[in-house]
file final.csv (CSV, C-alpha atoms)
chain,number,residue,atom,x,y,z
A,1,MET,CA,-7.0,-8.0,17.2
A,2,ALA,CA,-3.7,-7.7,19.1
A,3,ASP,CA,-1.7,-10.9,19.3
A,4,ASP,CA,-1.1,-10.8,23.0
A,5,PRO,CA,-4.1,-10.2,25.4
A,6,TYR,CA,-1.6,-9.7,28.2
A,7,LYS,CA,0.0,-6.8,26.4
A,8,THR,CA,-3.4,-5.4,25.4
A,9,LEU,CA,-4.3,-5.2,29.1
A,10,GLY,CA,-0.8,-4.2,30.1
A,11,VAL,CA,-0.5,-7.0,32.7
A,12,ALA,CA,2.3,-9.5,33.4
A,13,THR,CA,1.7,-13.1,32.2
A,14,ASP,CA,1.5,-14.2,35.8
A,15,ALA,CA,-1.0,-11.5,36.8
A,16,THR,CA,-3.7,-12.6,39.2
A,17,ALA,CA,-7.4,-12.6,38.3
A,18,GLY,CA,-7.7,-9.4,40.5
A,19,ASP,CA,-4.9,-7.6,38.6
A,20,ILE,CA,-6.6,-8.5,35.3
A,21,ARG,CA,-10.0,-7.3,36.4
A,22,LYS,CA,-8.5,-4.0,37.7
A,23,ALA,CA,-6.5,-3.4,34.5
A,24,TYR,CA,-9.6,-4.2,32.4
A,25,ARG,CA,-11.8,-1.8,34.3
A,26,LYS,CA,-9.3,1.0,34.0
A,27,LEU,CA,-8.9,0.6,30.3
A,28,ALA,CA,-12.5,0.0,29.6
A,29,LYS,CA,-13.4,3.2,31.3
A,30,LYS,CA,-10.8,5.1,29.3
A,31,HIS,CA,-11.8,3.8,25.9
A,32,HIS,CA,-15.5,3.2,26.3
A,33,PRO,CA,-17.3,4.2,23.1
A,34,ASP,CA,-20.0,6.2,24.9
A,35,LEU,CA,-17.3,8.3,26.5
A,36,ASN,CA,-15.4,8.7,23.2
A,37,PRO,CA,-18.2,9.3,20.7
A,38,GLY,CA,-17.0,9.1,17.1
A,39,ASN,CA,-13.5,8.1,18.2
A,40,LYS,CA,-12.8,5.1,16.0
A,41,ALA,CA,-9.4,4.4,17.6
A,42,ALA,CA,-10.9,4.3,21.1
A,43,GLU,CA,-13.7,2.0,19.8
A,44,GLU,CA,-11.2,-0.4,18.4
A,45,LEU,CA,-9.1,-0.3,21.6
A,46,PHE,CA,-12.3,-1.0,23.6
A,47,LYS,CA,-13.0,-4.0,21.5
A,48,GLN,CA,-9.5,-5.3,21.9
A,49,VAL,CA,-9.6,-4.7,25.7
A,50,SER,CA,-12.9,-6.5,26.0
A,51,ALA,CA,-11.8,-9.5,24.0
A,52,ALA,CA,-8.5,-9.7,26.0
A,53,ASN,CA,-10.5,-9.6,29.2
A,54,GLU,CA,-12.9,-12.2,28.0
A,55,LEU,CA,-10.1,-14.6,27.3
A,56,LEU,CA,-8.0,-13.9,30.4
A,57,SER,CA,-10.8,-13.8,32.9
A,58,ASP,CA,-11.8,-17.3,32.0
A,59,PRO,CA,-9.3,-19.6,33.7
A,60,GLU,CA,-9.8,-22.4,31.3
A,61,LYS,CA,-9.4,-20.3,28.2
A,62,ARG,CA,-6.5,-18.5,29.8
A,63,ALA,CA,-4.7,-21.8,30.4
A,64,ARG,CA,-5.4,-23.0,26.8
A,65,PHE,CA,-4.0,-19.7,25.5
A,66,ASP,CA,-0.9,-20.0,27.7
A,67,ARG,CA,-0.3,-23.5,26.4
A,68,GLY,CA,-0.6,-22.2,22.8
A,69,GLU,CA,-3.7,-24.2,22.0
A,70,ILE,CA,-5.8,-21.2,21.0
A,71,ASP,CA,-4.8,-17.8,19.7
A,72,ALA,CA,-5.8,-14.4,21.1
A,73,ALA,CA,-9.1,-14.5,19.2
A,74,GLY,CA,-9.9,-17.8,20.9
A,75,THR,CA,-9.7,-19.9,17.8
A,76,GLU,CA,-7.9,-23.1,17.6
A,77,LYS,CA,-4.4,-22.7,16.2
A,78,ALA,CA,-4.0,-24.1,12.7
A,79,PRO,CA,-1.2,-26.6,12.2
A,80,PRO,CA,1.9,-24.8,10.8
A,81,ARG,CA,1.8,-24.0,7.1
A,82,SER,CA,4.0,-26.3,5.1
A,83,TYR,CA,7.2,-25.0,3.5
A,84,ARG,CA,5.6,-25.5,0.1
A,85,GLN,CA,2.8,-23.1,0.7
A,86,TYR,CA,5.4,-20.4,1.3
A,87,ALA,CA,7.7,-21.5,-1.5
A,88,GLU,CA,5.1,-21.4,-4.2
A,89,ALA,CA,3.7,-18.1,-3.2
A,90,GLY,CA,5.4,-14.7,-3.8
A,91,THR,CA,7.1,-15.1,-0.4
A,92,GLY,CA,9.1,-17.9,-2.0
A,93,GLU,CA,11.4,-15.4,-3.7
A,94,ARG,CA,13.2,-15.1,-0.3
A,95,TYR,CA,14.9,-18.3,-1.3
A,96,ALA,CA,15.0,-17.8,-5.0
A,97,HIS,CA,17.9,-19.6,-6.6
A,98,GLY,CA,20.8,-17.3,-7.1
A,99,GLY,CA,19.3,-15.2,-4.3
A,100,GLY,CA,18.1,-11.7,-4.1
A,101,PRO,CA,14.7,-10.1,-4.7
A,102,GLU,CA,15.9,-8.8,-8.1
A,103,PHE,CA,14.8,-12.1,-9.5
A,104,GLY,CA,11.6,-11.4,-11.4
A,105,ALA,CA,10.4,-10.1,-14.7
A,106,GLU,CA,13.8,-10.0,-16.4
A,107,ASN,CA,14.7,-13.6,-15.6
A,108,PHE,CA,11.1,-14.5,-16.4
A,109,GLU,CA,11.5,-13.0,-19.9
A,110,ASP,CA,14.8,-14.7,-20.4
A,111,LEU,CA,13.2,-18.0,-19.6
A,112,PHE,CA,10.4,-17.4,-22.1
A,113,ALA,CA,12.8,-16.1,-24.7
A,114,ASN,CA,14.6,-19.5,-24.4
A,115,ILE,CA,11.4,-21.5,-24.5
A,116,PHE,CA,10.0,-19.7,-27.5
A,117,GLU,CA,13.3,-19.8,-29.3
A,118,GLN,CA,13.6,-23.5,-28.8
A,119,ARG,CA,10.0,-24.3,-29.7
A,120,GLY,CA,8.8,-21.9,-32.4
A,121,ARG,CA,12.2,-21.1,-33.9
A,122,GLY,CA,11.7,-18.4,-36.5
A,123,GLY,CA,8.0,-17.9,-35.8
A,124,PRO,CA,6.6,-14.4,-35.4
A,125,ALA,CA,6.7,-13.0,-31.9
A,126,ARG,CA,5.2,-9.8,-30.4
A,127,GLY,CA,7.6,-7.1,-29.4
A,128,GLN,CA,8.1,-6.3,-25.7
A,129,ASP,CA,6.2,-3.5,-24.1
A,130,ALA,CA,8.2,-0.4,-23.3
A,131,ARG,CA,7.7,1.5,-20.1
A,132,TYR,CA,8.1,5.2,-19.7
A,133,VAL,CA,7.4,7.9,-17.2
A,134,LEU,CA,6.0,11.3,-18.3
A,135,ASP,CA,5.8,14.3,-15.9
A,136,ALA,CA,2.6,16.3,-16.4
A,137,ALA,CA,1.7,19.7,-15.0
A,138,PHE,CA,-1.3,19.7,-12.7
A,139,LEU,CA,-3.6,21.5,-15.1
A,140,ASP,CA,-2.5,19.4,-18.1
A,141,ALA,CA,-3.6,16.3,-16.3
A,142,VAL,CA,-6.9,18.0,-15.2
A,143,ASN,CA,-7.8,19.5,-18.6
A,144,GLY,CA,-6.0,17.1,-20.9
A,145,ALA,CA,-3.1,18.0,-23.1
A,146,THR,CA,-0.7,16.6,-25.7
A,147,ARG,CA,2.9,16.3,-24.5
A,148,ARG,CA,6.0,15.2,-26.3
A,149,LEU,CA,8.0,12.4,-24.7
A,150,THR,CA,11.6,12.0,-25.8
A,151,LEU,CA,12.7,8.4,-25.9
A,152,PRO,CA,16.1,7.1,-24.9
A,153,ASP,CA,17.0,6.6,-28.6
A,154,ASP,CA,16.1,10.3,-29.3
A,155,GLN,CA,12.9,9.5,-31.1
A,156,THR,CA,9.9,11.4,-29.8
A,157,LEU,CA,6.4,10.2,-29.0
A,158,ASP,CA,3.4,12.6,-28.8
A,159,VAL,CA,1.4,11.5,-25.9
A,160,LYS,CA,-2.2,12.6,-25.6
A,161,ILE,CA,-3.0,13.0,-21.9
A,162,PRO,CA,-6.8,12.7,-21.5
A,163,ALA,CA,-8.7,15.1,-19.3
A,164,GLY,CA,-9.1,13.8,-15.7
A,165,THR,CA,-5.8,11.9,-15.7
A,166,LYS,CA,-4.7,11.0,-12.1
A,167,ASP,CA,-1.2,10.7,-10.8
A,168,GLY,CA,0.1,7.2,-11.5
A,169,ASP,CA,-2.3,6.5,-14.3
A,170,VAL,CA,-0.8,4.4,-17.1
A,171,LEU,CA,-1.5,5.2,-20.7
A,172,ARG,CA,-1.1,2.5,-23.3
A,173,LEU,CA,0.0,3.4,-26.9
A,174,ARG,CA,-0.6,0.4,-29.0
A,175,GLY,CA,2.3,-0.7,-31.2
A,176,ARG,CA,4.7,1.9,-29.9
A,177,GLY,CA,6.9,-0.5,-27.9
A,178,GLN,CA,9.7,-2.8,-29.1
A,179,PRO,CA,9.3,-4.1,-32.7
A,180,GLY,CA,8.1,-7.6,-33.1
A,181,ARG,CA,10.3,-10.5,-34.4
A,182,ASN,CA,9.6,-12.0,-37.9
A,183,ASN,CA,6.7,-9.8,-38.7
A,184,GLY,CA,5.2,-10.2,-35.3
A,185,PRO,CA,3.3,-7.2,-34.0
A,186,ALA,CA,5.2,-4.5,-32.1
A,187,GLY,CA,4.7,-4.2,-28.3
A,188,ASP,CA,2.9,-1.3,-26.6
A,189,ALA,CA,4.3,1.8,-25.0
A,190,LEU,CA,3.1,2.0,-21.4
A,191,ILE,CA,3.4,5.5,-20.1
A,192,GLU,CA,3.0,6.3,-16.4
A,193,ILE,CA,1.9,9.8,-15.8
A,194,HIS,CA,3.4,11.6,-12.8
A,195,VAL,CA,1.3,14.7,-12.0
A,196,ALA,CA,3.2,17.6,-10.4
A,197,PRO,CA,1.5,19.5,-7.5
A,198,HIS,CA,0.0,22.9,-8.2
A,199,PRO,CA,0.8,26.0,-6.1
A,200,PHE,CA,-2.8,26.6,-5.1
A,201,TYR,CA,-5.0,23.8,-6.4
A,202,THR,CA,-5.3,20.4,-4.7
A,203,ARG,CA,-7.2,17.5,-6.2
A,204,GLU,CA,-9.5,15.0,-4.4
A,205,GLY,CA,-10.9,12.6,-7.0
A,206,GLN,CA,-13.0,14.7,-9.3
A,207,ASP,CA,-13.1,17.7,-7.0
A,208,ILE,CA,-10.6,20.4,-6.7
A,209,ARG,CA,-9.9,22.5,-3.6
A,210,LEU,CA,-8.6,26.0,-3.5
A,211,GLU,CA,-7.9,28.5,-0.7
A,212,LEU,CA,-9.0,32.0,-1.9
A,213,PRO,CA,-7.5,35.1,-0.2
A,214,VAL,CA,-10.1,37.8,0.4
A,215,SER,CA,-9.7,41.2,2.0
A,216,MET,CA,-11.4,42.2,5.3
A,217,ARG,CA,-13.6,44.6,3.4
A,218,GLU,CA,-14.7,41.9,0.9
A,219,ALA,CA,-15.5,39.5,3.7
A,220,VAL,CA,-17.5,41.9,5.9
A,221,LEU,CA,-19.4,43.8,3.2
A,222,GLY,CA,-19.6,41.1,0.6
A,223,ALA,CA,-18.3,41.4,-2.9
A,224,LYS,CA,-18.0,40.0,-6.4
A,225,VAL,CA,-14.6,38.3,-6.7
A,226,ASN,CA,-12.8,36.6,-9.5
A,227,VAL,CA,-11.9,33.0,-8.7
A,228,PRO,CA,-9.3,31.1,-10.8
A,229,THR,CA,-10.6,27.7,-11.9
A,230,PRO,CA,-9.0,25.1,-14.1
A,231,ALA,CA,-11.1,26.3,-17.0
A,232,GLY,CA,-10.4,30.0,-16.4
A,233,ARG,CA,-11.6,32.8,-14.1
A,234,VAL,CA,-15.2,32.8,-12.8
A,235,ALA,CA,-17.0,35.5,-11.0
A,236,MET,CA,-18.3,34.5,-7.6
A,237,THR,CA,-20.5,36.5,-5.2
A,238,LEU,CA,-19.3,36.7,-1.6
A,239,LYS,CA,-22.2,37.3,0.8
A,240,PRO,CA,-21.7,39.9,3.5
A,241,HIS,CA,-20.2,38.5,6.7
A,242,SER,CA,-18.4,35.6,5.0
A,243,ASP,CA,-16.0,34.4,7.7
A,244,CYS,CA,-12.5,33.1,7.3
A,245,GLY,CA,-12.6,29.3,6.6
A,246,THR,CA,-16.0,29.4,4.9
A,247,GLU,CA,-16.1,26.9,2.1
A,248,LEU,CA,-18.1,27.7,-1.1
A,249,ARG,CA,-18.8,25.2,-3.8
A,250,LEU,CA,-18.7,26.1,-7.5
A,251,ARG,CA,-20.6,23.3,-9.1
A,252,GLY,CA,-19.0,21.6,-12.1
A,253,ARG,CA,-15.9,23.7,-11.9
A,254,GLY,CA,-13.6,20.9,-10.7
A,255,VAL,CA,-12.1,18.3,-13.1
A,256,PRO,CA,-14.1,18.6,-16.3
A,257,ALA,CA,-16.4,15.7,-17.4
A,258,HIS,CA,-14.6,12.9,-19.3
A,259,GLY,CA,-16.0,9.7,-20.6
A,260,ALA,CA,-18.8,8.6,-18.3
A,261,THR,CA,-17.5,10.6,-15.4
A,262,PRO,CA,-19.4,13.8,-14.7
A,263,ALA,CA,-17.5,17.0,-13.9
A,264,GLY,CA,-16.3,17.5,-10.3
A,265,ASP,CA,-16.8,20.6,-8.2
A,266,LEU,CA,-14.4,23.4,-7.1
A,267,TYR,CA,-14.4,24.0,-3.3
A,268,VAL,CA,-13.3,27.5,-2.5
A,269,LYS,CA,-12.2,28.1,1.1
A,270,LEU,CA,-12.0,31.8,2.2
A,271,LYS,CA,-8.8,33.1,3.8
A,272,ILE,CA,-9.0,36.6,5.1
A,273,THR,CA,-5.9,38.6,4.4
A,274,VAL,CA,-5.3,41.8,6.4
A,275,GLY,CA,-3.1,43.4,3.8
A,276,PRO,CA,-0.4,46.0,4.1
A,277,PRO,CA,-0.3,48.4,7.2
A,278,ASP,CA,-2.9,51.0,6.9
A,279,GLU,CA,-3.0,54.0,9.3
A,280,LYS,CA,-6.7,54.7,8.8
A,281,LEU,CA,-7.7,51.1,9.6
A,282,GLU,CA,-5.6,51.2,12.7
A,283,ALA,CA,-7.1,54.5,13.8
A,284,PHE,CA,-10.6,53.1,13.2
A,285,LEU,CA,-9.9,49.8,15.1
A,286,LYS,CA,-8.5,51.7,18.1
A,287,GLU,CA,-11.9,53.5,18.4
A,288,TRP,CA,-13.9,50.4,17.7
A,289,THR,CA,-14.8,47.5,20.0
A,290,GLN,CA,-17.0,44.5,19.4
A,291,SER,CA,-18.8,44.4,22.8
A,292,GLY,CA,-19.8,41.0,23.9
A,293,PHE,CA,-17.9,39.1,21.1
A,294,ASP,CA,-15.2,36.7,22.2
A,295,PRO,CA,-13.7,34.9,19.1
A,296,ARG,CA,-12.3,32.2,21.4
A,297,GLY,CA,-15.5,31.9,23.4
A,298,SER,CA,-16.2,28.3,22.1
A,299,MET,CA,-12.8,27.1,23.3
A,300,GLY,CA,-13.7,27.1,27.0
A,301,GLU,CA,-11.7,28.5,30.0
V,1,MET,CA,9.5,-10.7,12.8
V,2,ILE,CA,10.1,-13.8,14.9
V,3,THR,CA,12.9,-14.4,17.4
V,4,PHE,CA,14.9,-17.5,18.0
V,5,GLU,CA,13.2,-17.9,21.4
V,6,THR,CA,9.8,-18.0,19.8
V,7,ILE,CA,11.0,-20.6,17.3
V,8,LYS,CA,12.4,-22.8,20.0
V,9,LEU,CA,8.9,-22.8,21.6
V,10,GLU,CA,7.3,-23.8,18.3
V,11,ILE,CA,9.8,-26.4,17.2
V,12,SER,CA,10.9,-28.8,19.8
V,13,GLY,CA,14.3,-30.3,19.4
V,14,LEU,CA,15.8,-27.4,17.5
V,15,ASP,CA,19.5,-26.9,18.4
V,16,ALA,CA,20.9,-23.4,18.4
V,17,GLU,CA,24.3,-24.6,17.1
V,18,ASP,CA,22.6,-26.4,14.2
V,19,LEU,CA,20.6,-23.3,13.3
V,20,ALA,CA,23.7,-21.1,13.5
V,21,ARG,CA,25.5,-23.4,11.1
V,22,TRP,CA,22.6,-23.5,8.6
V,23,ILE,CA,22.4,-19.7,8.7
V,24,GLY,CA,26.2,-19.5,8.2
V,25,ALA,CA,25.9,-21.8,5.2
V,26,GLU,CA,23.1,-19.6,3.8
V,27,LEU,CA,20.6,-22.5,4.0
V,28,VAL,CA,18.4,-20.4,6.2
V,29,ARG,CA,18.0,-16.6,6.0
V,30,ALA,CA,18.0,-14.5,9.2
V,31,ASP,CA,18.0,-10.8,9.6
V,32,GLY,CA,20.1,-9.1,12.3
V,33,PRO,CA,23.4,-10.0,14.0
V,34,PRO,CA,24.1,-13.5,15.4
V,35,GLY,CA,22.4,-14.0,18.7
V,36,ALA,CA,19.7,-11.4,17.8
V,37,TRP,CA,18.3,-13.0,14.8
V,38,ARG,CA,14.9,-12.1,13.4
V,39,PHE,CA,13.1,-14.6,11.1
V,40,GLU,CA,10.1,-14.5,8.8
V,41,GLU,CA,7.4,-17.1,8.9
V,42,MET,CA,8.8,-18.7,5.8
V,43,ASP,CA,12.2,-19.1,7.5
V,44,VAL,CA,10.5,-21.0,10.4
V,45,ALA,CA,8.8,-23.3,7.8
V,46,ARG,CA,12.2,-23.8,6.2
V,47,ILE,CA,13.8,-24.7,9.5
V,48,ARG,CA,11.0,-27.3,10.0
V,49,LEU,CA,11.6,-28.6,6.5
V,50,ILE,CA,15.4,-29.0,7.2
V,51,LEU,CA,14.6,-30.9,10.4
V,52,GLU,CA,12.3,-33.2,8.5
V,53,LEU,CA,14.9,-33.8,5.9
V,54,ARG,CA,17.5,-34.6,8.5
V,55,GLN,CA,15.4,-36.6,10.9
V,56,GLU,CA,12.7,-38.3,8.9
V,57,LEU,CA,14.1,-38.5,5.4
V,58,GLU,CA,17.6,-39.2,6.8
V,59,VAL,CA,19.4,-36.7,4.5
V,60,GLU,CA,22.9,-36.1,5.8
V,61,GLU,CA,24.0,-32.7,6.9
V,62,ARG,CA,26.6,-32.5,4.1
V,63,SER,CA,24.0,-33.2,1.5
V,64,LEU,CA,21.7,-30.4,2.6
V,65,PRO,CA,23.1,-27.7,0.3
V,66,VAL,CA,22.6,-29.8,-2.8
V,67,VAL,CA,19.1,-30.9,-1.8
V,68,LEU,CA,18.0,-27.4,-0.8
V,69,SER,CA,19.5,-25.9,-3.9
V,70,LEU,CA,17.6,-28.3,-6.1
V,71,MET,CA,14.4,-27.6,-4.2
V,72,ASP,CA,14.9,-23.9,-4.5
V,73,GLN,CA,15.3,-24.2,-8.2
V,74,LEU,CA,12.2,-26.4,-8.5
V,75,TYR,CA,10.1,-23.8,-6.6
V,76,ASP,CA,11.5,-21.0,-8.8
V,77,LEU,CA,10.2,-22.9,-11.7
V,78,ARG,CA,6.9,-23.7,-10.1
V,79,ARG,CA,6.4,-20.0,-9.3
V,80,ARG,CA,7.2,-19.1,-12.9
V,81,MET,CA,4.8,-21.8,-14.1
V,82,ALA,CA,2.1,-20.4,-11.9
V,83,ARG,CA,2.6,-16.9,-13.4
V,84,LEU,CA,2.6,-18.4,-16.9
V,85,ASN,CA,-0.7,-20.1,-16.1
V,86,GLU,CA,-2.1,-16.8,-14.8
V,87,ALA,CA,-1.0,-15.1,-18.0
V,88,LEU,CA,-2.5,-17.9,-20.1
V,89,ALA,CA,-5.8,-17.4,-18.4
V,90,GLU,CA,-5.9,-13.9,-19.7
V,91,VAL,CA,-5.2,-14.5,-23.4
V,92,PRO,CA,-8.1,-14.8,-25.8
V,93,ALA,CA,-9.7,-18.2,-25.7
V,94,GLU,CA,-8.7,-19.1,-29.3
V,95,MET,CA,-5.0,-18.5,-28.6
V,96,ARG,CA,-5.2,-20.4,-25.4
V,97,LYS,CA,-6.8,-23.4,-27.2
V,98,ALA,CA,-4.1,-23.3,-29.8
V,99,LEU,CA,-1.4,-23.2,-27.2
V,100,LEU,CA,-2.8,-26.1,-25.2
V,101,THR,CA,-3.2,-28.2,-28.4
V,102,ARG,CA,0.4,-27.5,-29.3
V,103,LEU,CA,1.6,-28.4,-25.8
V,104,GLY,CA,-0.4,-31.7,-26.0
call {"tool": "encode", "arguments": {"input": "final.csv", "output": "structure tokens"}}
result
Amino acid sequence: MADDPYKTLGVATDATAGDIRKAYRKLAKKHHPDLNPGNKAAEELFKQVSAANELLSDPEKRARFDRGEIDAAGTEKAPPRSYRQYAEAGTGERYAHGGGPEFGAENFEDLFANIFEQRGRGGPARGQDARYVLDAAFLDAVNGATRRLTLPDDQTLDVKIPAGTKDGDVLRLRGRGQPGRNNGPAGDALIEIHVAPHPFYTREGQDIRLELPVSMREAVLGAKVNVPTPAGRVAMTLKPHSDCGTELRLRGRGVPAHGATPAGDLYVKLKITVGPPDEKLEAFLKEWTQSGFDPRGSMGE
Amino acid sequence: MITFETIKLEISGLDAEDLARWIGAELVRADGPPGAWRFEEMDVARIRLILELRQELEVEERSLPVVLSLMDQLYDLRRRMARLNEALAEVPAEMRKALLTRLG
């Protein structure tokens, strides 16, 4: 819902009822859902335009809106929120003492360190969690792998990246964070995995997409081709007359099954590649015409 | 983002000079250069608060920095307490019980 029905209709705030009706009709025609089937943006605009017209075409509602008694949705305006509601929510950090959005976890921990030191002086305390970032290759994240992480203090940590790990997933290694105080347990290591992009695979959830170059001959006559998959090459049969852009699915060849998640699929999209210059092919094509076939026939004009 | 003109419509009796002075003294935050200020909703609520302090609670202008600073510190603590409460809600029941007993 736009905030300002005048703006939605594109009319001035002193527009006459006639202006408003004219503007509404013009926009309604343009964005009508029946004239824009499947166009979500148009549907949304149409709803906004209709709502704006409903409000502005009713002189009483329009007057109440102009006086600020109701909002653009026609609902009564709530009384202003108190300062306290802002101050106690996250927004309150705008006026955090000492200023600056940096106020946060660190100060928070300082505060607790003080509280716990004053109260349970000498008692056991759990160590803090340590946070790290580990860059993983695309296929390591898909298939799973063990990678060594070098910590700032030159110690190393062997991190087992489970199969199916997504970019941004955080792994928790229990007890591998900061040591505890007075026999308290150590904190955990939290490792955020950053997955690097792959030159030809892309991932969508459990599925993987791949654009596979094929020759003209393979596409027209059909062929058995080798397709790279995350688990190694797989033979795939290409039917004769497989056109450029055709998408084939290799079931279960995407991200392998892990935990309760079943394996995803590999979608192979064909991309016809003409290949290096070939005199015989050129000579053949000069003699050859596809009568009646217009590849751009479906584009009109 | 809210302009000064909008705020003037919402808060009657707000004086531009007063507001400029409060912004200068960092009692109210505003983005953008003087005369083209942009405010967030919270800033508007804070301006209302200052007006209430001045007009209804009769806090003098020169006491505003102390009063607001104390309030800001109080709200800092209340936000931290709220986060502590959230964290407490997530610890095992036994530990929570022990903590609450200890805190009386």
call {"tool": "interface_residues", "arguments": {"input": "final.csv", "of": "chain A", "to": "chain V", "cutoff": "8 Å", "atoms": "all atoms listed in the file", "output": "ChimeraX atom specification"}}
result
/A:80-83,86-93,95-97,108
call {"tool": "residues_around", "arguments": {"input": "final.csv", "residues": "Val133 in chain A", "least_positions_apart": "3", "cutoff": "8 Å", "atoms": "all atoms listed in the file", "output": "JSON, numbers by chain"}}
result
{"A": [191, 192, 193, 194]}
call {"tool": "atom_distance", "arguments": {"input": "final.csv", "atom1": "CA of Lys7 in chain A", "atom2": "CA of Leu45 in chain A"}}
result
12.2 Å
call {"tool": "atom_distance", "arguments": {"input": "final.csv", "atom1": "CA of Glu287 in chain A", "atom2": "CA of Lys271 in chain A"}}
result
25.3 Å
call {"tool": "residues_around", "arguments": {"input": "final.csv", "residues": "Leu221 in chain A", "least_positions_apart": "4", "cutoff": "12 Å", "atoms": "all atoms listed in the file", "output": "PyMOL selection string"}}
result
chain A and resi 214-217+237-243
call {"tool": "residues_around", "arguments": {"input": "final.csv", "residues": "Thr13 in chain A", "least_positions_apart": "4", "cutoff": "12 Å", "atoms": "all atoms listed in the file", "output": "PyMOL selection string"}}
result
chain A and resi 4-9+17+19-20+56+62-63+65-66
call {"tool": "closest_residue", "arguments": {"input": "final.csv", "among": "V:Ala25, V:Val91, V:Met1, V:Ala30", "to": "Arg62 in chain V", "atoms": "only C-alpha atoms"}}
result
V:Ala25
call {"tool": "residues_around", "arguments": {"input": "final.csv", "residues": "His31 in chain A", "least_positions_apart": "6", "cutoff": "7 Å", "atoms": "all atoms listed in the file", "output": "MDAnalysis selection string"}}
result
chainID A and resid 42:43 45:46
call {"tool": "residues_around", "arguments": {"input": "final.csv", "residues": "range 259-268 of chain A", "least_positions_apart": "6", "cutoff": "6 Å", "atoms": "all atoms listed in the file", "output": "PyMOL selection string"}}
result
chain A and resi 206-211+247-253
call {"tool": "atom_distance", "arguments": {"input": "final.csv", "atom1": "CA of Leu173 in chain A", "atom2": "CA of Ile161 in chain A"}}
result
11.2 Å
call {"tool": "closest_residue", "arguments": {"input": "final.csv", "among": "V:Leu100, V:Ile23, V:Ala93, V:Leu88", "to": "Pro65 in chain V", "atoms": "only C-alpha atoms"}}
result
V:Ile23
